[in-house]
Each structure stands twice: as C-alpha cells, then as structure tokens.
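Student: Before anything else, here's the structure in question.
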Amino acid sequence: SRVPARIVGRDIKTDLAVIKVDDVANLVVANLGNSNDLQIGEEVVAFGSPLGLNRTVTSGIVSALNRAVSLPPDAESDTDAVIDAIQTDAAINPGNSGGPLVNDRAQVVGINTAIRSGGGGSIGLGFAIPISQAQPIAQALIRDGKVTHPQIGVNVSSVRNERVLGALVRNVVAGGPADRAGVRENDVFVSFNGRPVESADELNVAVRTATIGKATPFKYWRDGRVFDGTVTPASD
C-alpha cells in the first residue's frame with residue numbers, strides 16, 4: 001500500500017534517514033536483532049525490489065564484517081558517507097537499497113545500501129548498514145532532527161607500501177583534537193580505538209566508534225617507528 005510520509009531527518013554521513021507516516025492501520029513491526037552478534041558464515045536474507053521486481057527476497061551468508069565502504073556523492077545523491085558495512089553474498093541490486101537484511105530468526109540485522117560490481121550487476125558483493133549502528137542515528141534524528149559525529153581534525157589518504165599500511169595524514173586542523181594530541185603531517189594511523197586501520201576509509205569508520213569528549217587510544221607510524229597516542233574527539 002502507498003501512504004503519505006514526511007522526512008523527520010536525514011544524515012548524509014551515514015546514508016540514513018527517518019520517515020514518519022500517520023494514521024496507518026494494522027502496521028506490523030519488524031523485530032530488530034543485534035548486528036554486533038553476527039558471525040561470518042551466518043545465513044541472511046535480503047528483502048527489496050531489485051531491478052523493479054517487487055516483493056523479492058535473496059539469500060546468502062555474511063561474507064565479511066566491519067567492511068569500510070565509501071558512498072561518495074553523485075549526480076543523484078548528496079550522500080557523502082563511509083559505512084562500517086556487513087558484507088553479504090546475498091544478491092543485492094538497485095531496488096534493494098533501504099530494504100532489510102534479516103537473520104535466520106527473521107530479525108533485522110542490517111539495512112541494504114550498496115553493491116560493488118565491475119560490470120554494473122550483482123556479483124555477490126552487497127553491503128548493509130548494521131542495525132546496531134543505525135538505531136542510535138535514527139533515535140537522534142527522531143529526537144533532534146540531526147546527528148553529530150566524532151571528528152579529530154585530520155585529512156587523510158590511504159597508504160600501502162613496503163614500510164607501512166594505514167591512513168596517511170595529509171594535513172592537521174590547527175587547534176583541533178589531533179593537533180592537540182601531537183599528530184603531525186605524514187604520520188600514519190595504523191590503529192584507532194582498538195581497531196586496525198589499513199586505509200583512509202577504515203580510519204573514518206573507526207573514528208565514528210569513538211565518543212565525543214572521551215579520550216581514545218590510537219597507534220601511529222612516524223619515521224619507521226610505531227607510537228601510542230590518545231586523542232579526545234570533538235563534535236563535527
């Protein structure tokens with residue numbers, strides 16, 4: 001059925017939005033699971049309308065967890081997100097986005113959002129936003145109409161060579177959290193908040209796991225040595 005709806009709020013940094021409908025009878029509420037409990041190899045089912053084919057399900061497994069996936073803006077969207085995705089080999093195609101990814105207990109564990117394909121079709125690499133990360137974003141949008149995210153005041157790019165693998169600091173915002181923590185240009189983040197960092201996207205999702213105003217540990221490479229540091233993220 002089709003009913004009027006309004007946008008309560010949206011967050012371009014996580015590719016999420018909340019919509020509200022009024023006076024709709026007999027709604028059935030989906031049961032939410034805990035995406036933090038997912039295991040690689042676990043069976044999942046994706047719901048959606050791939051390629052315009054309504055009421056379609058596809059099945060597969062969780063093929064990876066904590067996969068940093070970039071969703072840059074394009075001609076159709078201003079979304080500028082890096083998601084900490086659930087990777088699945090359940091076929092995901094255009095029209096699946098926004099649909100639920102559920103476990104074998106019919107609990108929603110993710111929101112289908114992207115595919116990665118060299119030829120434009122599904123090749124078995126689909127990505128979903130973990131529901132345990134989507135819930136607090138949704139709650140903030142409902143409560144405040146907007147979301148704030150942790151940030152540390154650096155611009156980074158990925159580096160991979162025989163010496164180091166991680167997120168290379170291109171510049172540091174003067175007076176920002178990273179500057180106060182002693183981070184310099186050309187340092188390389190290799191771990192943040194207990195998570196390994198092997199690319200710029202992985203640093204972005206790791207920073208989002210931190211808490212604004214709370215000291216957070218990290219490791220960085222400088223001049224051939226790895227050092228420990230602590231940074232206190234600020235709000236964006």
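Identifiers for the structure tokens are assigned positionally: chains receive A, B, ... in sequence, residues are indexed from 1 per chain, and ligands are indexed from 1 in the order shown.
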Name the residues in contact with Ile7 in chain A at a cut-off of 12 Å, using only C-alpha atoms, excluding same-chain residues fewer than 5 positions from it; report them as a PyMOL selection string.
Tutor: chain A and resi 16-21+138+141-142+145-146
Student: Pick out the residues sitting within 12 Å of Ala91 in chain A, and hand them over as a PyMOL selection string; count only C-alpha atoms, and ignore anything fewer than 3 positions along from it in its own chain.
Tutor: chain A and resi 44-51+56-62+87-88+94-97+101+112+114-117+121-128
Student: Would you mind listing what lies within 7 Å of range 211-219 of chain A as a short mmCIF file (atom, residue, chain, number, x, y, z; two decimals) with all heavy atoms, in the first residue's frame, with only C-alpha atoms counted and same-chain residues fewer than 6 positions away left out?
Tutor:
data_model
loop_
_atom_site.label_atom_id
_atom_site.label_comp_id
_atom_site.auth_asym_id
_atom_site.auth_seq_id
_atom_site.Cartn_x
_atom_site.Cartn_y
_atom_site.Cartn_z
N PRO A 150 31.69 12.16 15.91
CA PRO A 150 33.04 12.47 16.38
C PRO A 150 33.94 12.82 15.20
O PRO A 150 33.81 12.26 14.11
CB PRO A 150 33.50 11.17 17.04
CG PRO A 150 32.28 10.33 17.20
CD PRO A 150 31.33 10.75 16.13
N PHE A 189 48.17 6.71 10.69
CA PHE A 189 47.36 5.98 11.65
C PHE A 189 47.34 4.50 11.26
O PHE A 189 47.02 4.16 10.12
CB PHE A 189 45.91 6.49 11.67
CG PHE A 189 45.73 7.80 12.38
CD1 PHE A 189 45.82 9.00 11.69
CD2 PHE A 189 45.45 7.84 13.74
CE1 PHE A 189 45.64 10.21 12.34
CE2 PHE A 189 45.26 9.04 14.40
CZ PHE A 189 45.36 10.23 13.70
N VAL A 190 47.70 3.63 12.21
CA VAL A 190 47.66 2.19 11.94
C VAL A 190 46.64 1.48 12.84
O VAL A 190 46.31 0.31 12.61
CB VAL A 190 49.05 1.55 12.11
CG1 VAL A 190 50.01 2.09 11.06
CG2 VAL A 190 49.60 1.78 13.51
N SER A 191 46.14 2.17 13.86
CA SER A 191 45.11 1.63 14.74
C SER A 191 44.39 2.79 15.40
O SER A 191 45.01 3.83 15.70
CB SER A 191 45.74 0.72 15.80
OG SER A 191 44.77 0.32 16.77
N PHE A 192 43.07 2.64 15.62
CA PHE A 192 42.31 3.68 16.29
C PHE A 192 41.20 3.04 17.10
O PHE A 192 40.43 2.24 16.57
CB PHE A 192 41.71 4.67 15.27
CG PHE A 192 41.16 5.92 15.90
CD1 PHE A 192 41.95 7.05 16.06
CD2 PHE A 192 39.85 5.96 16.37
CE1 PHE A 192 41.45 8.19 16.66
CE2 PHE A 192 39.34 7.09 16.97
CZ PHE A 192 40.14 8.22 17.11
N ASN A 193 41.15 3.37 18.37
CA ASN A 193 40.11 2.86 19.26
C ASN A 193 40.07 1.33 19.26
O ASN A 193 38.99 0.72 19.31
CB ASN A 193 38.74 3.43 18.88
CG ASN A 193 37.76 3.41 20.05
OD1 ASN A 193 38.16 3.26 21.20
ND2 ASN A 193 36.48 3.56 19.74
N VAL A 226 56.48 2.85 15.50
CA VAL A 226 55.07 2.95 15.86
C VAL A 226 54.96 3.48 17.29
O VAL A 226 55.63 2.98 18.20
CB VAL A 226 54.37 1.58 15.74
CG1 VAL A 226 52.94 1.67 16.25
CG2 VAL A 226 54.38 1.11 14.29
N PHE A 227 54.11 4.50 17.47
CA PHE A 227 53.92 5.13 18.76
C PHE A 227 52.46 5.01 19.19
O PHE A 227 51.56 4.85 18.37
CB PHE A 227 54.29 6.63 18.69
CG PHE A 227 55.70 6.90 18.28
CD1 PHE A 227 56.05 7.02 16.94
CD2 PHE A 227 56.70 7.05 19.24
CE1 PHE A 227 57.36 7.27 16.56
CE2 PHE A 227 58.01 7.31 18.88
CZ PHE A 227 58.34 7.42 17.54
N ASP A 228 52.25 5.11 20.50
CA ASP A 228 50.90 5.16 21.07
C ASP A 228 50.52 6.60 21.33
O ASP A 228 51.36 7.43 21.75
CB ASP A 228 50.83 4.38 22.38
CG ASP A 228 50.99 2.88 22.18
OD1 ASP A 228 50.26 2.34 21.33
OD2 ASP A 228 51.84 2.28 22.84
N GLY A 229 49.24 6.91 21.12
CA GLY A 229 48.74 8.25 21.41
C GLY A 229 47.32 8.18 21.94
O GLY A 229 46.68 7.13 21.94
N THR A 230 46.85 9.32 22.40
CA THR A 230 45.48 9.46 22.90
C THR A 230 44.91 10.76 22.37
O THR A 230 45.58 11.81 22.42
CB THR A 230 45.43 9.47 24.44
OG1 THR A 230 46.04 8.28 24.94
CG2 THR A 230 44.00 9.54 24.93
N VAL A 231 43.69 10.69 21.84
CA VAL A 231 43.03 11.86 21.29
C VAL A 231 41.61 11.93 21.83
O VAL A 231 41.00 10.89 22.08
CB VAL A 231 43.04 11.83 19.74
CG1 VAL A 231 42.24 10.66 19.21
CG2 VAL A 231 42.54 13.15 19.15
N THR A 232 41.13 13.15 22.02
CA THR A 232 39.75 13.35 22.50
C THR A 232 38.91 13.92 21.37
O THR A 232 39.05 15.11 21.05
CB THR A 232 39.72 14.29 23.71
OG1 THR A 232 40.55 13.74 24.76
CG2 THR A 232 38.29 14.47 24.23
N PRO A 233 38.09 13.11 20.70
CA PRO A 233 37.30 13.59 19.56
C PRO A 233 36.35 14.72 19.95
O PRO A 233 35.83 14.76 21.07
CB PRO A 233 36.54 12.35 19.11
CG PRO A 233 37.32 11.19 19.64
CD PRO A 233 37.89 11.66 20.93
N ALA A 234 36.14 15.61 19.01
CA ALA A 234 35.19 16.70 19.17
C ALA A 234 34.00 16.45 18.25
O ALA A 234 34.01 15.55 17.41
CB ALA A 234 35.84 18.04 18.84
N SER A 235 32.96 17.24 18.40
CA SER A 235 31.79 17.11 17.54
C SER A 235 32.05 17.78 16.20
O SER A 235 32.72 18.81 16.12
CB SER A 235 30.58 17.75 18.22
OG SER A 235 29.48 17.83 17.33
#
Student: Can you tell me, as a ChimeraX atom specification, which residues in range 48-146 of chain A count as strand (DSSP E or B) by DSSP?
Tutor: /A:48,56-71,74,77,81-88,100-103,108-115,126-130
Student: Assign secondary structure with DSSP using the backbone only, and return the residues of range 79-180 of chain A in helix (DSSP H, G or I) as a list in words.
Tutor: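 Written out, the helix (DSSP H, G or I) residues of range 79-180 of chain A are Ile131, Ser132, Gln133, Ala134, Gln135, Pro136, Ile137, Ala138, Gln139, Ala140, Leu141, Ile142, Arg143, Asp144, Pro177, Ala178, Asp179 and Arg180 of chain A.
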Student: Do you know which residues are at most 9 Å from range 152-165 of chain A counting only C-alpha atoms, after dropping those on the same chain fewer than 6 positions away, and could you put them as a list of chain:residue names?
Tutor: A:Asn171, A:Val172, A:Val173, A:Ala174, A:Gly175, A:Gly176, A:Pro177, A:Ala178, A:Asp179, A:Val183, A:Glu185, A:Val188, A:Phe189, A:Val190, A:Val197, A:Glu198, A:Ser199, A:Ala200, A:Asp201, A:Leu203, A:Val207, A:Trp221, A:Gly224, A:Val231, A:Thr232, A:Pro233, A:Ala234, A:Ser235, A:Asp236
Student: What does the structure give for the distance between CA of Asp80 in chain A and CA of Ala134 in chain A, in Å to one decimal?
Tutor: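 Distance reported for this atom pair: 16.0 Å.
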Student: Residues within 12 Å of Ser77 in chain A, please, as a list in words. Count only C-alpha atoms; anything in the same chain fewer than 5 positions from it doesn't count.
Tutor: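 Selected residues are Ile12, Lys13, Asp15, Leu71 and Pro72 of chain A.
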Student: Find the distance between CA of Arg105 in chain A and CA of Leu53 in chain A and write it in Å to one decimal.
Tutor: 24.5 Å
Student: Kindly indicate which residue among A:Asp11, A:Asp144, A:Asp37, A:Asp104 lies nearest to Asp78 in chain A, using only C-alpha atoms for the distances.
Tutor: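 Result for the nearest residue to Asp78 in chain A: A:Asp11.
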Student: Name all residues at most 12 Å from Asn34 in chain A (count only C-alpha atoms; drop same-chain ones fewer than 4 positions away) and give them as a ChimeraX atom specification.
Tutor: /A:38-39,101-103,105-110,130-135
Student: Output all heavy atoms for every residue in the selection just made, as a compact mmCIF listing (two decimals), in the first residue's frame.
Tutor:
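The result, written out as again14.txt:
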# COMPACT_ATOMS: atom_id res chain seq x y z
N LEU A 38 26.60 -10.79 14.91
CA LEU A 38 26.72 -11.53 13.65
C LEU A 38 28.06 -12.25 13.54
O LEU A 38 29.09 -11.77 14.01
CB LEU A 38 26.57 -10.57 12.46
CG LEU A 38 25.16 -10.09 12.12
CD1 LEU A 38 25.23 -9.05 11.02
CD2 LEU A 38 24.27 -11.26 11.70
N GLN A 39 28.01 -13.40 12.89
CA GLN A 39 29.21 -14.19 12.64
C GLN A 39 29.39 -14.39 11.14
O GLN A 39 28.41 -14.54 10.40
CB GLN A 39 29.10 -15.57 13.31
CG GLN A 39 28.91 -15.52 14.82
CD GLN A 39 30.15 -15.03 15.54
OE1 GLN A 39 31.27 -15.41 15.17
NE2 GLN A 39 29.97 -14.21 16.55
N LEU A 101 17.96 -6.47 5.80
CA LEU A 101 18.73 -7.71 5.78
C LEU A 101 18.42 -8.41 7.08
O LEU A 101 18.59 -7.84 8.16
CB LEU A 101 20.23 -7.42 5.67
CG LEU A 101 21.15 -8.62 5.53
CD1 LEU A 101 21.03 -9.23 4.13
CD2 LEU A 101 22.60 -8.24 5.81
N VAL A 102 17.91 -9.64 7.01
CA VAL A 102 17.46 -10.32 8.22
C VAL A 102 18.23 -11.61 8.43
O VAL A 102 18.74 -12.21 7.47
CB VAL A 102 15.93 -10.62 8.17
CG1 VAL A 102 15.13 -9.36 7.88
CG2 VAL A 102 15.61 -11.70 7.16
N ASN A 103 18.30 -12.04 9.70
CA ASN A 103 18.97 -13.30 10.02
C ASN A 103 17.97 -14.44 9.95
O ASN A 103 16.80 -14.26 9.57
CB ASN A 103 19.66 -13.21 11.39
CG ASN A 103 18.68 -12.92 12.53
OD1 ASN A 103 17.47 -13.12 12.40
ND2 ASN A 103 19.20 -12.45 13.65
N ARG A 105 16.43 -15.86 12.15
CA ARG A 105 15.34 -15.73 13.13
C ARG A 105 14.39 -14.60 12.77
O ARG A 105 13.60 -14.14 13.59
CB ARG A 105 15.93 -15.51 14.53
CG ARG A 105 16.75 -16.69 15.02
CD ARG A 105 17.38 -16.46 16.37
NE ARG A 105 18.36 -15.37 16.36
CZ ARG A 105 19.58 -15.48 15.87
NH1 ARG A 105 20.00 -16.64 15.35
NH2 ARG A 105 20.41 -14.46 15.91
N ALA A 106 14.49 -14.13 11.51
CA ALA A 106 13.64 -13.06 10.98
C ALA A 106 13.82 -11.75 11.72
O ALA A 106 12.92 -10.91 11.75
CB ALA A 106 12.16 -13.48 11.00
N GLN A 107 15.00 -11.53 12.28
CA GLN A 107 15.33 -10.27 12.93
C GLN A 107 16.12 -9.39 11.97
O GLN A 107 17.03 -9.88 11.29
CB GLN A 107 16.15 -10.51 14.20
CG GLN A 107 15.45 -11.32 15.26
CD GLN A 107 16.40 -11.75 16.36
OE1 GLN A 107 17.59 -12.01 16.13
NE2 GLN A 107 15.87 -11.84 17.58
N VAL A 108 15.78 -8.12 11.92
CA VAL A 108 16.50 -7.20 11.04
C VAL A 108 17.89 -6.94 11.63
O VAL A 108 18.02 -6.47 12.76
CB VAL A 108 15.74 -5.86 10.89
CG1 VAL A 108 16.55 -4.90 10.01
CG2 VAL A 108 14.36 -6.10 10.30
N VAL A 109 18.93 -7.26 10.87
CA VAL A 109 20.31 -7.04 11.32
C VAL A 109 21.02 -5.98 10.50
O VAL A 109 22.12 -5.55 10.86
CB VAL A 109 21.12 -8.35 11.30
CG1 VAL A 109 20.59 -9.31 12.36
CG2 VAL A 109 21.11 -8.99 9.92
N GLY A 110 20.42 -5.54 9.39
CA GLY A 110 21.07 -4.53 8.57
C GLY A 110 20.09 -3.87 7.61
O GLY A 110 18.96 -4.33 7.42
N PRO A 130 24.89 -1.92 9.51
CA PRO A 130 24.49 -2.71 10.68
C PRO A 130 23.37 -2.02 11.46
O PRO A 130 23.44 -0.81 11.70
CB PRO A 130 25.77 -2.80 11.51
CG PRO A 130 26.88 -2.58 10.52
CD PRO A 130 26.33 -1.60 9.52
N ILE A 131 22.37 -2.77 11.86
CA ILE A 131 21.22 -2.17 12.53
C ILE A 131 21.60 -1.58 13.88
O ILE A 131 21.02 -0.58 14.32
CB ILE A 131 20.07 -3.20 12.67
CG1 ILE A 131 18.74 -2.49 12.95
CG2 ILE A 131 20.39 -4.23 13.74
CD1 ILE A 131 18.25 -1.61 11.82
N SER A 132 22.59 -2.16 14.55
CA SER A 132 23.01 -1.64 15.84
C SER A 132 23.69 -0.28 15.72
O SER A 132 23.76 0.48 16.69
CB SER A 132 23.93 -2.63 16.56
OG SER A 132 23.26 -3.85 16.81
N GLN A 133 24.20 0.04 14.53
CA GLN A 133 24.74 1.37 14.28
C GLN A 133 23.66 2.32 13.77
O GLN A 133 23.71 3.52 14.01
CB GLN A 133 25.89 1.29 13.28
CG GLN A 133 27.09 0.51 13.79
CD GLN A 133 28.21 0.41 12.78
OE1 GLN A 133 28.31 1.22 11.87
NE2 GLN A 133 29.07 -0.60 12.94
N ALA A 134 22.67 1.77 13.07
CA ALA A 134 21.59 2.61 12.54
C ALA A 134 20.64 3.09 13.64
O ALA A 134 20.11 4.20 13.56
CB ALA A 134 20.81 1.84 11.48
N GLN A 135 20.43 2.26 14.67
CA GLN A 135 19.46 2.61 15.71
C GLN A 135 19.77 3.93 16.41
O GLN A 135 18.89 4.79 16.52
CB GLN A 135 19.35 1.47 16.73
CG GLN A 135 18.46 0.33 16.28
CD GLN A 135 18.36 -0.75 17.34
OE1 GLN A 135 19.26 -1.57 17.48
NE2 GLN A 135 17.27 -0.74 18.08
Student: Just the number, please: distance in Å from CA of Leu168 in chain A to CA of Arg184 in chain A, one decimal.
Tutor: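 Computing the Euclidean distance for CA of Leu168 in chain A and CA of Arg184 in chain A yields 10.0 Å.
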Student: Of the residues A:Thr14, A:Thr113, A:Arg6, A:Gly52, which is the one nearest to Ile137 in chain A, using only C-alpha atoms?
Tutor: A:Thr14
Student: Nearest to Ala181 in chain A: which of A:Tyr220, A:Ala140, A:Gly194, A:Asp84 is it, counting only C-alpha atoms?
Tutor: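 Residue with the minimum atom-to-atom distance to Ala181 in chain A: A:Tyr220.
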